[in-house]
Amino acid sequence: MLLQIVVLLLALGVGYVLVANTQANLQRQSIATGFGFIEHEAGFEIGEPAIPYSAADSYGRALLVGALNTLRVSFTGIIFTLILGSVVGVARLSRNWLISHLAKVFIEVMQNIPLLLQLFFWYALFYEVFPSPREALNPLRGVFVCNRGLIFGVPIEHPAHGWMLIALLAGMVLWRLLVWWGRRLQERTGTIVPVHRLGIALCLLLPLLVWLAAGAPTAMDMPVFKGFNFQGGMSVSPEFSALLIGLVLYTSAFVAEIVRAGIQSVAHGQVEAAMAIGLRPGQVLHLVVFPQATRVIVPPLTSQMLNLTKNSSLAIAIGYSDFVSVANTTINQTGQAIEGVALIMVVYLFFSLSTSAFMNWYNKKTALVER
């Protein structure tokens, strides 16, 4: 007990000295302290803001835009990483020699090239390979690819779109209820109902019915080249594209190895037993292998999701306006480095803790319950 009190007093003493010295140095250099600067006018523009923003807005709104940009690239990256990593991980175990070795080459190459170099490569690819907007590639009607990024048409806003989203959510709820009902029915009678196929059909059919009932609106906002750039439609910048591609390819290589290890952790005897009762390879993978492998895969997968979120801070190297980039600009203009760095730490801590909380909940939900 006495030792703990001594350690606590030492920690408080060190903290007091650091704070006092910092305040003295800031006062000597006439640098303001506190977070009052958040309400001041930012005076700089941000590319691809997720919410309306202009240079006349405050630093607080600029930081919010940066945080939303980080959240957008991290969330999108995690979704694509899980899909690509799972496919490559399963392909790595394929009995087809070519597929297995292609997956192996992908994993070895992506894992051993530093992420920063990959970001530079993809960013340079957009500017060096793709043509100018005037000579943009047009692979599909309304889709253009140039060194300004990917530009494509989007549906013009219509009241039916909101109802279609509600119908989609209703379909997902019904899908969940179908899964619960199908499990109960299987436990009672042994009958297997294709609940997932029915659920997918509901999620597609309900929004389609709403769309038809609203008169099937098909008006599109198509991009048109005017002056020096495209007008209308939606665009994805080279910075966002390069960052997303780099993060997904780099992290999916590690996820693929985690998926492979998780699948191989399932005893081969269970696969043979499942095939002996007549299950097809797809059913064996879905009903026997993946449910058990998930319990092994989820904990290390959480670390990779956190790594992807933290690695998104490398966006500043290729000019994407994520939270670190906006915070650095704010620090340069206000001179309040301590507050700026503290905000960066708080935001990334929030993202990391949120991801960990969700994955820990999912891990607990899928954990093997022993009686």
# chains A, B, ... in the order shown; residues from 1 in each chain; ligands from 1

$ residues_around --residues "Ile151 of chain A" --least-positions-apart "3" --cutoff "10 Å" --atoms "only C-alpha atoms" --output "count of residues only"
21

$ closest_atom_pairs --of "segment 47-104 of chain A" --to "segment 254-276 of chain A" --cutoff "10 Å" --atoms "only C-alpha atoms" --output "Markdown table"
| residue | atom | partner | partner_atom | distance |
| --- | --- | --- | --- | --- |
| A:Thr81 | CA | A:Val255 | CA | 7.6 |
| A:Leu82 | CA | A:Val255 | CA | 7.2 |
| A:Ile83 | CA | A:Val255 | CA | 9.6 |
| A:Leu84 | CA | A:Ala256 | CA | 7.9 |
| A:Gly85 | CA | A:Ala256 | CA | 4.3 |
| A:Ser86 | CA | A:Ala256 | CA | 5.8 |
| A:Val87 | CA | A:Ala256 | CA | 7.5 |
| A:Val88 | CA | A:Ala256 | CA | 5.5 |
| A:Gly89 | CA | A:Ala256 | CA | 3.9 |
| A:Val90 | CA | A:Arg260 | CA | 6.4 |
| A:Ala91 | CA | A:Arg260 | CA | 8.8 |
| A:Arg92 | CA | A:Arg260 | CA | 7.0 |
| A:Leu93 | CA | A:Arg260 | CA | 7.0 |
| A:Ala103 | CA | A:Ala256 | CA | 8.8 |
| A:Lys104 | CA | A:Glu257 | CA | 9.5 |

$ select_by_dssp --residues "segment 88-317 of chain A" --states "strand (DSSP E or B)" --output "number ranges by chain"
A: 137-140, 143-146, 149-152, 154-155, 220-221, 224-226, 229-231, 234-236

$ write_last_selection --atoms "C-alpha atoms" --output "mmCIF file, in the first residue's frame"
data_model
loop_
_atom_site.group_PDB
_atom_site.id
_atom_site.type_symbol
_atom_site.label_atom_id
_atom_site.label_comp_id
_atom_site.auth_asym_id
_atom_site.auth_seq_id
_atom_site.Cartn_x
_atom_site.Cartn_y
_atom_site.Cartn_z
ATOM 1 C CA LEU A 137 -12.095 7.014 -70.628
ATOM 2 C CA ASN A 138 -15.767 6.130 -70.981
ATOM 3 C CA PRO A 139 -16.078 2.366 -70.303
ATOM 4 C CA LEU A 140 -19.830 2.588 -69.609
ATOM 5 C CA VAL A 143 -19.031 6.532 -66.228
ATOM 6 C CA PHE A 144 -15.766 8.410 -66.842
ATOM 7 C CA VAL A 145 -12.236 7.646 -65.619
ATOM 8 C CA CYS A 146 -9.499 10.295 -65.781
ATOM 9 C CA GLY A 149 -10.752 10.326 -60.473
ATOM 10 C CA LEU A 150 -13.888 8.291 -61.183
ATOM 11 C CA ILE A 151 -16.985 10.276 -62.248
ATOM 12 C CA PHE A 152 -20.358 8.582 -62.631
ATOM 13 C CA VAL A 154 -26.370 9.079 -59.783
ATOM 14 C CA PRO A 155 -30.174 8.978 -59.489
ATOM 15 C CA MET A 220 -30.340 10.371 -63.480
ATOM 16 C CA ASP A 221 -27.884 13.203 -62.806
ATOM 17 C CA VAL A 224 -21.191 16.361 -68.497
ATOM 18 C CA PHE A 225 -17.815 17.804 -69.527
ATOM 19 C CA LYS A 226 -17.922 21.622 -69.385
ATOM 20 C CA ASN A 229 -13.865 19.527 -65.787
ATOM 21 C CA PHE A 230 -17.018 17.433 -65.465
ATOM 22 C CA GLN A 231 -20.203 18.937 -64.053
ATOM 23 C CA MET A 234 -20.706 12.069 -58.398
ATOM 24 C CA SER A 235 -16.923 11.851 -58.361
ATOM 25 C CA VAL A 236 -14.403 9.880 -56.339
#

$ residues_around --residues "Leu71 of chain A" --least-positions-apart "3" --cutoff "9 Å" --atoms "only C-alpha atoms" --output "list in words"
Gly66, Ala67, Leu68, Ser74, Phe75, Thr76, Thr309, Asp322 and Phe351 of chain A

$ write_last_selection --atoms "C-alpha atoms" --output "compact mmCIF listing (two decimals), in the first residue's frame"
# COMPACT_ATOMS: atom_id res chain seq x y z
CA GLY A 66 -11.81 15.58 -41.32
CA ALA A 67 -13.16 13.06 -38.79
CA LEU A 68 -16.01 12.10 -41.15
CA SER A 74 -11.99 3.42 -42.67
CA PHE A 75 -15.52 1.98 -42.75
CA THR A 76 -15.47 1.42 -46.52
CA THR A 309 -8.16 2.63 -39.14
CA ASP A 322 -8.49 13.09 -43.31
CA PHE A 351 -12.51 5.06 -33.41

$ residues_around --residues "Tyr53 of chain A" --least-positions-apart "3" --cutoff "12 Å" --atoms "only C-alpha atoms" --output "ChimeraX atom specification"
/A:41-50,56-66

$ write_last_selection --atoms "C-alpha atoms" --output "short mmCIF file (atom, residue, chain, number, x, y, z; two decimals), in the first residue's frame"
data_model
loop_
_atom_site.label_atom_id
_atom_site.label_comp_id
_atom_site.auth_asym_id
_atom_site.auth_seq_id
_atom_site.Cartn_x
_atom_site.Cartn_y
_atom_site.Cartn_z
CA GLU A 41 -12.92 30.92 -38.85
CA ALA A 42 -10.81 28.19 -40.49
CA GLY A 43 -10.02 30.01 -43.74
CA PHE A 44 -9.02 26.93 -45.76
CA GLU A 45 -10.86 24.60 -48.08
CA ILE A 46 -11.19 20.80 -47.69
CA GLY A 47 -11.50 18.39 -50.59
CA GLU A 48 -14.43 15.94 -50.65
CA PRO A 49 -16.25 17.16 -47.52
CA ALA A 50 -18.82 14.66 -46.28
CA ALA A 56 -15.75 30.64 -43.86
CA ASP A 57 -16.75 27.87 -41.42
CA SER A 58 -15.09 27.32 -38.06
CA TYR A 59 -12.13 25.12 -37.15
CA GLY A 60 -14.58 22.91 -35.26
CA ARG A 61 -16.57 22.18 -38.43
CA ALA A 62 -13.34 21.64 -40.38
CA LEU A 63 -12.20 19.08 -37.80
CA LEU A 64 -15.61 17.41 -37.98
CA VAL A 65 -15.26 17.13 -41.77
CA GLY A 66 -11.81 15.58 -41.32
#

$ atom_distance --atom1 "atom CA of Leu178 of chain A" --atom2 "atom CA of Val195 of chain A"
5.8 Å

$ atom_distance --atom1 "atom CA of Asn360 of chain A" --atom2 "atom CA of Val341 of chain A"
28.0 Å

$ residues_around --residues "segment 180-185 of chain A" --least-positions-apart "5" --cutoff "10 Å" --atoms "only C-alpha atoms" --output "PyMOL selection string"
chain A and resi 174-175+190-196

$ write_last_selection --atoms "N, CA and C atoms" --output "short mmCIF file (atom, residue, chain, number, x, y, z; two decimals), in the first residue's frame"
data_model
loop_
_atom_site.label_atom_id
_atom_site.label_comp_id
_atom_site.auth_asym_id
_atom_site.auth_seq_id
_atom_site.Cartn_x
_atom_site.Cartn_y
_atom_site.Cartn_z
N LEU A 174 -36.96 -8.68 -41.36
CA LEU A 174 -37.67 -9.94 -41.67
C LEU A 174 -36.68 -11.08 -41.89
N TRP A 175 -35.54 -10.78 -42.52
CA TRP A 175 -34.48 -11.80 -42.72
C TRP A 175 -34.01 -12.34 -41.37
N GLY A 190 -36.13 -30.88 -37.51
CA GLY A 190 -35.00 -31.29 -38.35
C GLY A 190 -35.12 -30.77 -39.78
N THR A 191 -36.18 -30.03 -40.08
CA THR A 191 -36.36 -29.49 -41.44
C THR A 191 -35.49 -28.25 -41.63
N ILE A 192 -34.74 -28.23 -42.73
CA ILE A 192 -33.88 -27.08 -43.03
C ILE A 192 -34.58 -26.21 -44.07
N VAL A 193 -34.80 -24.96 -43.70
CA VAL A 193 -35.43 -23.99 -44.60
C VAL A 193 -34.35 -23.04 -45.12
N PRO A 194 -34.34 -22.76 -46.43
CA PRO A 194 -33.32 -21.84 -46.98
C PRO A 194 -33.61 -20.40 -46.58
N VAL A 195 -33.42 -20.09 -45.31
CA VAL A 195 -33.81 -18.78 -44.79
C VAL A 195 -32.97 -17.65 -45.40
N HIS A 196 -31.70 -17.92 -45.68
CA HIS A 196 -30.84 -16.86 -46.21
C HIS A 196 -31.25 -16.50 -47.64
#

$ closest_residue --among "A:Ala327, A:Val73, A:Ala357, A:Ala253" --to "Ile107 of chain A" --atoms "only C-alpha atoms"
A:Ala253

$ atom_distance --atom1 "atom CA of Leu119 of chain A" --atom2 "atom CA of Gly246 of chain A"
5.3 Å

$ select_by_dssp --residues "segment 51-140 of chain A" --states "alpha helix (DSSP H)" --output "MDAnalysis selection string"
chainID A and resid 59:92 97:112 115:129

$ residues_around --residues "Val210 of chain A" --least-positions-apart "2" --cutoff "9 Å" --atoms "only C-alpha atoms" --output "mmCIF file with N, CA and C atoms, in the first residue's frame"
data_model
loop_
_atom_site.group_PDB
_atom_site.id
_atom_site.type_symbol
_atom_site.label_atom_id
_atom_site.label_comp_id
_atom_site.auth_asym_id
_atom_site.auth_seq_id
_atom_site.Cartn_x
_atom_site.Cartn_y
_atom_site.Cartn_z
ATOM 1 N N ALA A 160 -39.279 8.488 -53.388
ATOM 2 C CA ALA A 160 -39.329 7.020 -53.353
ATOM 3 C C ALA A 160 -38.047 6.419 -52.784
ATOM 4 N N HIS A 161 -36.932 7.133 -52.913
ATOM 5 C CA HIS A 161 -35.658 6.570 -52.439
ATOM 6 C C HIS A 161 -35.663 6.371 -50.924
ATOM 7 N N TRP A 163 -38.321 5.788 -49.088
ATOM 8 C CA TRP A 163 -39.180 4.630 -48.799
ATOM 9 C C TRP A 163 -38.497 3.317 -49.191
ATOM 10 N N MET A 164 -37.688 3.367 -50.238
ATOM 11 C CA MET A 164 -36.947 2.156 -50.629
ATOM 12 C C MET A 164 -35.953 1.765 -49.533
ATOM 13 N N ALA A 167 -37.883 0.159 -46.853
ATOM 14 C CA ALA A 167 -38.252 -1.203 -47.272
ATOM 15 C C ALA A 167 -37.065 -2.153 -47.140
ATOM 16 N N LEU A 205 -36.669 -7.711 -53.128
ATOM 17 C CA LEU A 205 -38.033 -7.595 -53.644
ATOM 18 C C LEU A 205 -38.784 -6.407 -53.051
ATOM 19 N N LEU A 206 -38.655 -6.183 -51.737
ATOM 20 C CA LEU A 206 -39.424 -5.107 -51.102
ATOM 21 C C LEU A 206 -39.053 -3.724 -51.668
ATOM 22 N N PRO A 207 -37.747 -3.346 -51.751
ATOM 23 C CA PRO A 207 -37.430 -2.041 -52.377
ATOM 24 C C PRO A 207 -37.880 -1.967 -53.829
ATOM 25 N N LEU A 208 -37.825 -3.120 -54.544
ATOM 26 C CA LEU A 208 -38.252 -3.113 -55.946
ATOM 27 C C LEU A 208 -39.746 -2.820 -56.056
ATOM 28 N N LEU A 212 -41.503 0.343 -57.951
ATOM 29 C CA LEU A 212 -42.538 0.202 -58.976
ATOM 30 C C LEU A 212 -43.805 0.953 -58.582
ATOM 31 N N ALA A 213 -44.149 0.891 -57.280
ATOM 32 C CA ALA A 213 -45.353 1.578 -56.817
ATOM 33 C C ALA A 213 -45.225 3.094 -56.943
ATOM 34 N N ALA A 214 -43.988 3.611 -56.874
ATOM 35 C CA ALA A 214 -43.765 5.062 -56.979
ATOM 36 C C ALA A 214 -43.643 5.523 -58.425
ATOM 37 N N GLY A 215 -43.907 4.622 -59.377
ATOM 38 C CA GLY A 215 -43.851 5.009 -60.784
ATOM 39 C C GLY A 215 -42.533 4.732 -61.450
ATOM 40 N N ALA A 216 -41.672 3.949 -60.803
ATOM 41 C CA ALA A 216 -40.362 3.561 -61.355
ATOM 42 C C ALA A 216 -39.545 4.776 -61.808
#

$ residues_around --residues "Gly171 of chain A" --least-positions-apart "2" --cutoff "10 Å" --atoms "only C-alpha atoms" --output "ChimeraX atom specification"
/A:165-169,173-177,198-207
